[in-house]
$ cat model_13.txt   # compact mmCIF, C-alpha atoms
# COMPACT_ATOMS: atom_id res chain seq x y z
CA MET U 1 0.77 -140.34 121.89
CA ALA U 2 -1.18 -139.50 125.06
CA VAL U 3 0.73 -139.12 128.32
CA ASP U 4 -1.13 -142.00 129.95
CA THR U 5 -0.22 -144.27 127.00
CA TRP U 6 3.46 -143.44 127.42
CA ASP U 7 3.16 -144.15 131.16
CA GLU U 8 1.80 -147.59 130.31
CA ILE U 9 4.53 -148.26 127.73
CA ARG U 10 7.21 -147.07 130.13
CA THR U 11 5.81 -149.36 132.83
CA ALA U 12 5.79 -152.33 130.44
CA PHE U 13 9.37 -151.53 129.46
CA HIS U 14 10.47 -151.72 133.09
CA VAL U 15 8.54 -154.96 133.63
CA ALA U 16 10.39 -156.48 130.68
CA ARG U 17 13.73 -155.16 131.90
CA MET U 18 13.26 -156.29 135.52
CA GLY U 19 11.29 -159.46 134.76
CA THR U 20 8.88 -158.98 137.66
CA VAL U 21 6.08 -156.64 138.70
CA SER U 22 7.72 -155.96 142.05
CA GLY U 23 11.05 -155.10 140.41
CA ALA U 24 9.38 -152.69 138.00
CA ALA U 25 7.38 -151.10 140.82
CA GLU U 26 10.55 -150.50 142.83
CA ALA U 27 12.39 -149.02 139.82
CA LEU U 28 9.47 -146.70 139.03
CA GLY U 29 8.67 -145.84 142.63
CA VAL U 30 5.02 -146.89 142.34
CA HIS U 31 2.77 -149.55 143.89
CA HIS U 32 2.82 -152.98 142.28
CA ALA U 33 -0.93 -152.66 141.64
CA THR U 34 -0.20 -149.63 139.44
CA VAL U 35 2.23 -151.69 137.40
CA ILE U 36 -0.34 -154.45 136.85
CA ARG U 37 -3.02 -151.90 135.96
CA HIS U 38 -0.76 -150.22 133.39
CA VAL U 39 0.24 -153.50 131.72
CA ASP U 40 -3.36 -154.75 131.61
CA ALA U 41 -4.58 -151.43 130.18
CA LEU U 42 -1.87 -151.40 127.50
CA GLU U 43 -2.65 -154.96 126.44
CA ALA U 44 -6.35 -154.09 126.26
CA ARG U 45 -5.59 -150.97 124.24
CA LEU U 46 -3.46 -152.96 121.75
CA GLY U 47 -5.65 -156.04 121.73
CA THR U 48 -2.77 -158.45 122.25
CA LYS U 49 -0.74 -160.05 125.01
CA LEU U 50 2.62 -158.42 125.64
CA PHE U 51 3.76 -160.82 128.37
CA GLN U 52 3.56 -164.44 129.33
CA ARG U 53 2.80 -164.63 133.05
CA HIS U 54 4.44 -167.42 135.03
CA ALA U 55 5.55 -168.19 138.58
CA ARG U 56 8.94 -166.53 138.14
CA GLY U 57 7.60 -163.30 136.64
CA TYR U 58 6.78 -161.84 133.21
CA THR U 59 8.39 -162.76 129.87
CA PRO U 60 7.70 -160.60 126.77
CA THR U 61 5.84 -162.20 123.87
CA GLU U 62 6.96 -161.52 120.30
CA ALA U 63 4.60 -158.53 120.16
CA GLY U 64 5.95 -157.39 123.50
CA GLN U 65 9.53 -157.56 122.25
CA ASP U 66 8.65 -155.40 119.22
CA LEU U 67 6.98 -152.78 121.38
CA LEU U 68 9.74 -152.79 123.96
CA ARG U 69 12.49 -152.24 121.37
CA VAL U 70 10.72 -149.01 120.43
CA ALA U 71 10.24 -148.13 124.11
CA ALA U 72 13.95 -148.66 124.79
CA THR U 73 14.87 -146.27 121.97
CA THR U 74 12.40 -143.68 123.23
CA GLU U 75 13.70 -144.02 126.78
CA ASP U 76 17.23 -143.46 125.49
CA GLN U 77 16.12 -140.36 123.56
CA PHE U 78 14.51 -138.96 126.71
CA THR U 79 17.78 -139.60 128.58
CA GLN U 80 19.71 -137.76 125.88
CA LEU U 81 17.22 -134.89 125.99
CA ILE U 82 17.65 -134.62 129.76
CA GLY U 83 21.43 -134.55 129.26
CA ARG U 84 21.00 -131.84 126.64
CA ILE U 85 18.89 -129.72 129.01
CA LYS U 86 21.32 -130.20 131.87
CA GLY U 87 24.14 -129.23 129.52
CA GLN U 88 22.75 -125.71 129.33
CA GLY U 89 24.23 -124.89 132.70
CA ALA U 90 27.08 -122.48 133.26
CA GLY U 91 29.76 -124.93 134.45
CA VAL U 92 32.22 -127.08 132.52
CA THR U 93 30.86 -130.23 134.13
CA GLY U 94 28.84 -133.34 133.35
CA ASP U 95 28.61 -135.37 130.15
CA LEU U 96 30.12 -134.02 126.96
CA ILE U 97 29.20 -136.02 123.87
CA VAL U 98 31.51 -135.71 120.86
CA THR U 99 31.13 -137.50 117.52
CA SER U 100 33.49 -138.01 114.60
CA LEU U 101 34.30 -140.42 111.82
CA PRO U 102 36.34 -143.44 113.01
CA ILE U 103 39.34 -142.41 110.89
CA LEU U 104 39.70 -139.21 112.94
CA SER U 105 39.80 -141.02 116.28
CA PRO U 106 43.61 -141.29 116.55
CA ARG U 107 43.80 -137.50 116.16
CA VAL U 108 40.77 -136.50 118.24
CA ALA U 109 40.98 -138.95 121.17
CA PRO U 110 44.30 -137.62 122.56
CA ALA U 111 42.91 -134.08 122.38
CA LEU U 112 39.81 -135.12 124.33
CA VAL U 113 41.94 -136.82 126.98
CA GLU U 114 44.00 -133.64 127.34
CA PHE U 115 40.77 -131.64 127.67
CA MET U 116 39.56 -133.96 130.43
CA GLU U 117 42.83 -133.52 132.32
CA GLY U 118 42.18 -129.79 132.42
CA HIS U 119 38.50 -130.19 133.31
CA PRO U 120 38.21 -133.02 135.85
CA ASP U 121 34.44 -132.62 136.30
CA VAL U 122 33.74 -133.49 132.66
CA SER U 123 32.90 -137.01 131.44
CA VAL U 124 33.44 -137.49 127.72
CA ARG U 125 31.45 -139.83 125.50
CA PHE U 126 33.21 -140.16 122.16
CA LEU U 127 30.88 -141.64 119.52
CA SER U 128 32.91 -142.67 116.50
CA ASP U 129 30.70 -143.83 113.67
CA GLU U 130 30.10 -143.41 109.94
CA ARG U 131 26.56 -142.15 110.48
CA LEU U 132 25.70 -138.52 111.19
CA TYR U 133 24.46 -138.02 114.73
CA ARG U 134 21.58 -135.55 114.91
CA LEU U 135 22.49 -132.59 117.06
CA GLU U 136 18.91 -131.31 117.02
CA TYR U 137 17.85 -134.40 118.98
CA GLY U 138 20.61 -133.99 121.55
CA GLU U 139 22.61 -136.96 120.27
CA ALA U 140 25.83 -134.96 120.65
CA HIS U 141 27.16 -131.64 121.90
CA VAL U 142 29.93 -131.32 119.30
CA ALA U 143 30.21 -133.12 115.97
CA ILE U 144 33.45 -133.31 114.00
CA ARG U 145 32.56 -133.82 110.34
CA ALA U 146 34.62 -134.13 107.19
CA GLY U 147 33.85 -133.17 103.62
CA ALA U 148 31.46 -130.56 102.29
CA ARG U 149 30.46 -127.81 104.71
CA PRO U 150 27.39 -129.00 106.72
CA GLU U 151 24.30 -126.99 105.83
CA GLU U 152 21.70 -127.83 108.51
CA PRO U 153 20.05 -124.48 109.33
CA ASP U 154 20.12 -124.83 113.14
CA ASN U 155 23.79 -125.78 113.38
CA VAL U 156 26.82 -123.55 113.96
CA VAL U 157 29.66 -124.64 111.67
CA GLN U 158 33.32 -123.67 112.11
CA HIS U 159 36.37 -124.82 110.20
CA PHE U 160 38.51 -127.16 112.32
CA PHE U 161 41.42 -128.18 110.09
CA THR U 162 42.19 -129.40 106.59
CA MET U 163 43.20 -133.05 106.35
CA GLU U 164 45.89 -133.58 103.74
CA MET U 165 45.86 -136.94 101.98
CA ALA U 166 48.73 -138.62 100.18
CA LEU U 167 49.47 -142.00 98.62
CA TYR U 168 51.36 -144.43 100.84
CA ALA U 169 52.63 -147.99 100.80
CA THR U 170 54.62 -150.08 103.23
CA GLY U 171 58.31 -150.69 102.78
CA GLY U 172 57.51 -154.39 102.49
CA TYR U 173 55.09 -153.78 99.60
CA LEU U 174 57.70 -151.69 97.76
CA ASP U 175 60.31 -154.41 98.27
CA ARG U 176 57.97 -156.94 96.65
CA HIS U 177 56.57 -154.81 93.82
CA GLY U 178 59.29 -152.28 93.10
CA PRO U 179 59.61 -148.50 93.45
CA VAL U 180 56.86 -146.08 92.47
CA THR U 181 57.17 -143.13 90.13
CA PRO U 182 54.22 -140.74 90.56
CA GLY U 183 52.00 -140.93 87.50
CA GLU U 184 53.45 -144.27 86.38
CA TRP U 185 51.11 -146.69 88.14
CA ALA U 186 51.34 -149.76 85.88
CA GLY U 187 52.26 -152.97 87.68
CA HIS U 188 51.15 -151.76 91.10
CA ARG U 189 48.25 -152.73 93.31
CA PHE U 190 45.96 -150.20 94.96
CA VAL U 191 43.69 -150.07 97.98
CA SER U 192 40.40 -148.16 97.97
CA ILE U 193 36.87 -147.95 99.30
CA GLN U 194 34.35 -150.56 98.21
CA SER U 195 31.91 -148.09 96.62
CA ASP U 196 32.86 -146.55 93.27
CA GLY U 197 30.42 -143.73 94.09
CA ALA U 198 32.30 -142.55 97.18
CA ARG U 199 32.17 -138.75 97.46
CA ALA U 200 35.56 -138.11 99.08
CA PRO U 201 37.83 -136.34 96.55
CA PHE U 202 40.74 -138.76 97.03
CA TYR U 203 38.49 -141.75 96.28
CA ARG U 204 37.21 -139.97 93.17
CA TRP U 205 40.81 -139.42 92.10
CA MET U 206 41.55 -143.09 92.68
CA HIS U 207 38.62 -144.35 90.61
CA GLU U 208 39.18 -141.83 87.81
CA THR U 209 42.95 -142.39 87.60
CA ILE U 210 43.63 -146.03 88.44
CA PRO U 211 42.24 -148.84 86.25
CA ALA U 212 39.70 -150.93 88.14
CA ASP U 213 41.69 -154.13 87.71
CA GLN U 214 44.60 -152.55 89.63
CA ILE U 215 42.42 -151.80 92.66
CA ARG U 216 43.03 -155.20 94.18
CA TYR U 217 41.91 -154.55 97.75
CA ARG U 218 38.63 -152.85 98.65
CA ALA U 219 37.23 -152.17 102.10
CA SER U 220 33.94 -150.84 103.41
CA ARG U 221 35.20 -148.03 105.68
CA ASP U 222 37.91 -145.38 105.60
CA ARG U 223 39.57 -146.91 108.64
CA THR U 224 39.66 -150.38 107.10
CA VAL U 225 41.11 -148.92 103.89
CA THR U 226 44.02 -147.48 105.88
CA ASP U 227 44.36 -150.80 107.71
CA GLY U 228 44.72 -152.51 104.32
CA VAL U 229 47.42 -150.08 103.21
CA GLU U 230 49.27 -150.55 106.50
CA ALA U 231 49.00 -154.34 106.12
CA GLY U 232 50.80 -154.14 102.76
CA ALA U 233 47.87 -154.81 100.43
CA GLY U 234 48.93 -152.05 98.06
CA ILE U 235 49.14 -148.30 97.55
CA GLY U 236 46.38 -146.19 99.04
CA PHE U 237 45.47 -142.83 100.47
CA MET U 238 46.13 -142.10 104.12
CA PRO U 239 45.95 -138.87 106.10
CA VAL U 240 49.46 -137.43 106.27
CA TRP U 241 49.29 -137.10 110.06
CA MET U 242 48.29 -140.75 110.42
CA ALA U 243 51.02 -142.08 108.14
CA GLU U 244 53.64 -140.02 109.99
CA GLN U 245 52.72 -141.86 113.18
CA ARG U 246 53.31 -145.26 111.56
CA PRO U 247 57.03 -146.04 111.07
CA GLY U 248 56.59 -148.53 108.23
CA MET U 249 54.71 -146.21 105.86
CA VAL U 250 56.39 -144.65 102.81
CA GLN U 251 54.89 -141.69 100.96
CA VAL U 252 55.01 -142.64 97.26
CA ALA U 253 53.50 -139.40 95.92
CA PRO U 254 53.08 -135.95 97.51
CA PRO U 255 49.69 -134.79 98.77
CA GLU U 256 47.24 -133.98 95.99
CA PRO U 257 45.88 -130.44 96.60
CA ASP U 258 42.49 -131.42 95.15
CA CYS U 259 42.31 -134.38 97.53
CA ALA U 260 42.54 -132.40 100.77
CA VAL U 261 39.50 -132.78 103.02
CA PRO U 262 38.09 -129.92 105.14
CA VAL U 263 37.08 -130.94 108.66
CA TRP U 264 34.40 -129.01 110.57
CA LEU U 265 33.34 -128.42 114.16
CA VAL U 266 29.54 -128.49 114.31
CA THR U 267 27.34 -127.51 117.25
CA HIS U 268 23.62 -126.95 117.61
CA VAL U 269 22.50 -123.36 118.06
CA ASP U 270 20.68 -124.23 121.30
CA LEU U 271 23.87 -125.50 122.96
CA HIS U 272 26.52 -123.49 121.16
CA ARG U 273 26.72 -120.77 123.84
CA THR U 274 26.86 -123.09 126.85
CA ALA U 275 30.06 -122.95 128.86
CA LYS U 276 31.22 -126.51 128.29
CA VAL U 277 30.57 -126.47 124.53
CA GLN U 278 32.28 -123.10 124.10
CA THR U 279 35.24 -124.28 126.21
CA LEU U 280 35.68 -127.50 124.22
CA VAL U 281 35.31 -125.80 120.83
CA LYS U 282 37.93 -123.19 121.75
CA PHE U 283 40.25 -125.93 123.03
CA LEU U 284 39.91 -127.93 119.81
CA LYS U 285 40.47 -124.88 117.62
CA ASP U 286 43.61 -124.09 119.62
CA LYS U 287 44.79 -127.68 119.03
CA ALA U 288 44.23 -127.24 115.30
CA GLY U 289 46.42 -124.16 115.52
CA GLU U 290 49.17 -126.27 117.09
CA TRP U 291 48.78 -128.75 114.24
CA GLY U 292 49.26 -125.93 111.72
CA GLY U 293 45.69 -125.97 110.46
CA ARG U 294 46.60 -128.52 107.78
CA VAL U 295 47.39 -131.98 109.06
$ encode --input "model_13.txt" --output "structure tokens"
Amino acid sequence: MAVDTWDEIRTAFHVARMGTVSGAAEALGVHHATVIRHVDALEARLGTKLFQRHARGYTPTEAGQDLLRVAATTEDQFTQLIGRIKGQGAGVTGDLIVTSLPILSPRVAPALVEFMEGHPDVSVRFLSDERLYRLEYGEAHVAIRAGARPEEPDNVVQHFFTMEMALYATGGYLDRHGPVTPGEWAGHRFVSIQSDGARAPFYRWMHETIPADQIRYRASRDRTVTDGVEAGAGIGFMPVWMAEQRPGMVQVAPPEPDCAVPVWLVTHVDLHRTAKVQTLVKFLKDKAGEWGGRV
């Protein structure tokens, strides 16, 4: 895409966001005639109208809305890139973007808050999602990932901790359905992930060991699986550290060694040596040491 084309798209994006030519001109720091020229040129280039003009300003057409959704994403990527470049400074300041799976949030969030207390010039953005954020595009400074060791060639991968998993149920469930003897699962209900093809070792154990008709509650995410167990839907896997923080949970079988999940700290090689990334990574590894390395 030519630079002048991006200038036109960026101008159209601001017109859509502000709703008027004058508002876009002020936001961009250009003359309103430049805004009109860019919008007209872009519409001519594309051969379609991007805006409906009216007395109150400009309203995007359907084609305009499609184009502007892409422009908004591109604008956001540029913002992230700028943040990534700024993050290469020597100080522990500015935005620090950390990602993890939602199930790790109760463990990671308190650590990030403690880090912020010690570094008051840092602003943390904690992105907790099932998808993998791409460090090479500056979507995050530090990613906390679980499972197989990440293998992207431009990433620096360090072991964070090992998450031990065990089978739990609520006291209320056990009152209703009776005690559990490990290995004798008949007559009990289980909670698991929706997909039978889940790669996590504890879900594989569940689907290989427990008959399908006993898995009576299925959820789409790890966090909603643990919510189901905590709500009393049946027996299910929970991280040991999480269950220990919830008074009503009862461990019905000890942790399965083959079900433990390694958790990794991942950084991109371009940002790995920056002061704030190094400081956070060291802090998190020290926290894992306090947790005993296996939690």
$ atom_distance --input "model_13.txt" --atom1 "atom CA of Arg216 of chain U" --atom2 "atom CA of His188 of chain U"
9.3 Å
$ closest_residue --input "model_13.txt" --among "U:Ala71, U:Ile103, U:Ala109, U:Val122" --to "Lys276 of chain U" --atoms "all atoms listed in the file"
U:Val122
$ atom_distance --input "model_13.txt" --atom1 "atom CA of Gln158 of chain U" --atom2 "atom CA of Gln245 of chain U"
26.6 Å
$ residues_around --input "model_13.txt" --residues "segment 165-175 of chain U" --least-positions-apart "6" --cutoff "9 Å" --atoms "all atoms listed in the file" --output "PyMOL selection string"
chain U and resi 202+229-241+243+248-257+259-261+295
$ residues_around --input "model_13.txt" --residues "Trp205 of chain U" --least-positions-apart "5" --cutoff "9 Å" --atoms "all atoms listed in the file" --output "short mmCIF file (atom, residue, chain, number, x, y, z; two decimals) with C-alpha atoms, keeping the file's coordinate frame"
data_model
loop_
_atom_site.label_atom_id
_atom_site.label_comp_id
_atom_site.auth_asym_id
_atom_site.auth_seq_id
_atom_site.Cartn_x
_atom_site.Cartn_y
_atom_site.Cartn_z
CA ALA U 200 35.56 -138.11 99.08
CA ILE U 210 43.63 -146.03 88.44
CA ASP U 258 42.49 -131.42 95.15
CA CYS U 259 42.31 -134.38 97.53
#
$ atom_distance --input "model_13.txt" --atom1 "atom CA of Ser100 of chain U" --atom2 "atom CA of Ser128 of chain U"
5.1 Å
$ closest_residue --input "model_13.txt" --among "U:Pro179, U:Gly147, U:Gly94, U:Gly19" --to "Thr59 of chain U" --atoms "all atoms listed in the file"
U:Gly19
$ residues_around --input "model_13.txt" --residues "Val124 of chain U" --least-positions-apart "2" --cutoff "6 Å" --atoms "all atoms listed in the file" --output "list in words"
Asp95, Leu96 and Ile97 of chain U
$ closest_residue --input "model_13.txt" --among "U:Arg145, U:Ala63, U:Glu290, U:Thr226" --to "Met242 of chain U" --atoms "all atoms listed in the file"
U:Thr226
$ closest_residue --input "model_13.txt" --among "U:His119, U:His31, U:Arg10, U:Arg176" --to "Glu75 of chain U" --atoms "all atoms listed in the file"
U:Arg10
$ closest_residue --input "model_13.txt" --among "U:Thr93, U:Glu139, U:Arg149, U:Leu104" --to "Ala275 of chain U" --atoms "only C-alpha atoms"
U:Thr93
$ residues_around --input "model_13.txt" --residues "Ile193 of chain U" --least-positions-apart "3" --cutoff "12 Å" --atoms "all atoms listed in the file" --output "mmCIF file with C-alpha atoms, in the frame of the given file"
data_model
loop_
_atom_site.group_PDB
_atom_site.id
_atom_site.type_symbol
_atom_site.label_atom_id
_atom_site.label_comp_id
_atom_site.auth_asym_id
_atom_site.auth_seq_id
_atom_site.Cartn_x
_atom_site.Cartn_y
_atom_site.Cartn_z
ATOM 1 C CA PHE U 190 45.960 -150.200 94.960
ATOM 2 C CA ASP U 196 32.860 -146.550 93.270
ATOM 3 C CA GLY U 197 30.420 -143.730 94.090
ATOM 4 C CA ALA U 198 32.300 -142.550 97.180
ATOM 5 C CA ARG U 199 32.170 -138.750 97.460
ATOM 6 C CA ALA U 200 35.560 -138.110 99.080
ATOM 7 C CA PRO U 201 37.830 -136.340 96.550
ATOM 8 C CA PHE U 202 40.740 -138.760 97.030
ATOM 9 C CA TYR U 203 38.490 -141.750 96.280
ATOM 10 C CA ARG U 204 37.210 -139.970 93.170
ATOM 11 C CA TRP U 205 40.810 -139.420 92.100
ATOM 12 C CA MET U 206 41.550 -143.090 92.680
ATOM 13 C CA HIS U 207 38.620 -144.350 90.610
ATOM 14 C CA ALA U 212 39.700 -150.930 88.140
ATOM 15 C CA ILE U 215 42.420 -151.800 92.660
ATOM 16 C CA ARG U 216 43.030 -155.200 94.180
ATOM 17 C CA TYR U 217 41.910 -154.550 97.750
ATOM 18 C CA ARG U 218 38.630 -152.850 98.650
ATOM 19 C CA ALA U 219 37.230 -152.170 102.100
ATOM 20 C CA SER U 220 33.940 -150.840 103.410
ATOM 21 C CA ARG U 221 35.200 -148.030 105.680
ATOM 22 C CA ASP U 222 37.910 -145.380 105.600
ATOM 23 C CA ARG U 223 39.570 -146.910 108.640
ATOM 24 C CA THR U 224 39.660 -150.380 107.100
ATOM 25 C CA VAL U 225 41.110 -148.920 103.890
ATOM 26 C CA THR U 226 44.020 -147.480 105.880
ATOM 27 C CA ASP U 227 44.360 -150.800 107.710
ATOM 28 C CA GLY U 228 44.720 -152.510 104.320
ATOM 29 C CA VAL U 229 47.420 -150.080 103.210
ATOM 30 C CA GLY U 236 46.380 -146.190 99.040
ATOM 31 C CA PHE U 237 45.470 -142.830 100.470
ATOM 32 C CA MET U 238 46.130 -142.100 104.120
#
$ residues_around --input "model_13.txt" --residues "Val30 of chain U" --least-positions-apart "6" --cutoff "10 Å" --atoms "all atoms listed in the file" --output "ChimeraX atom specification"
/U:11,22,24
$ closest_residue --input "model_13.txt" --among "U:Thr20, U:Ala25, U:Asp286, U:Arg246" --to "Pro106 of chain U" --atoms "all atoms listed in the file"
U:Arg246
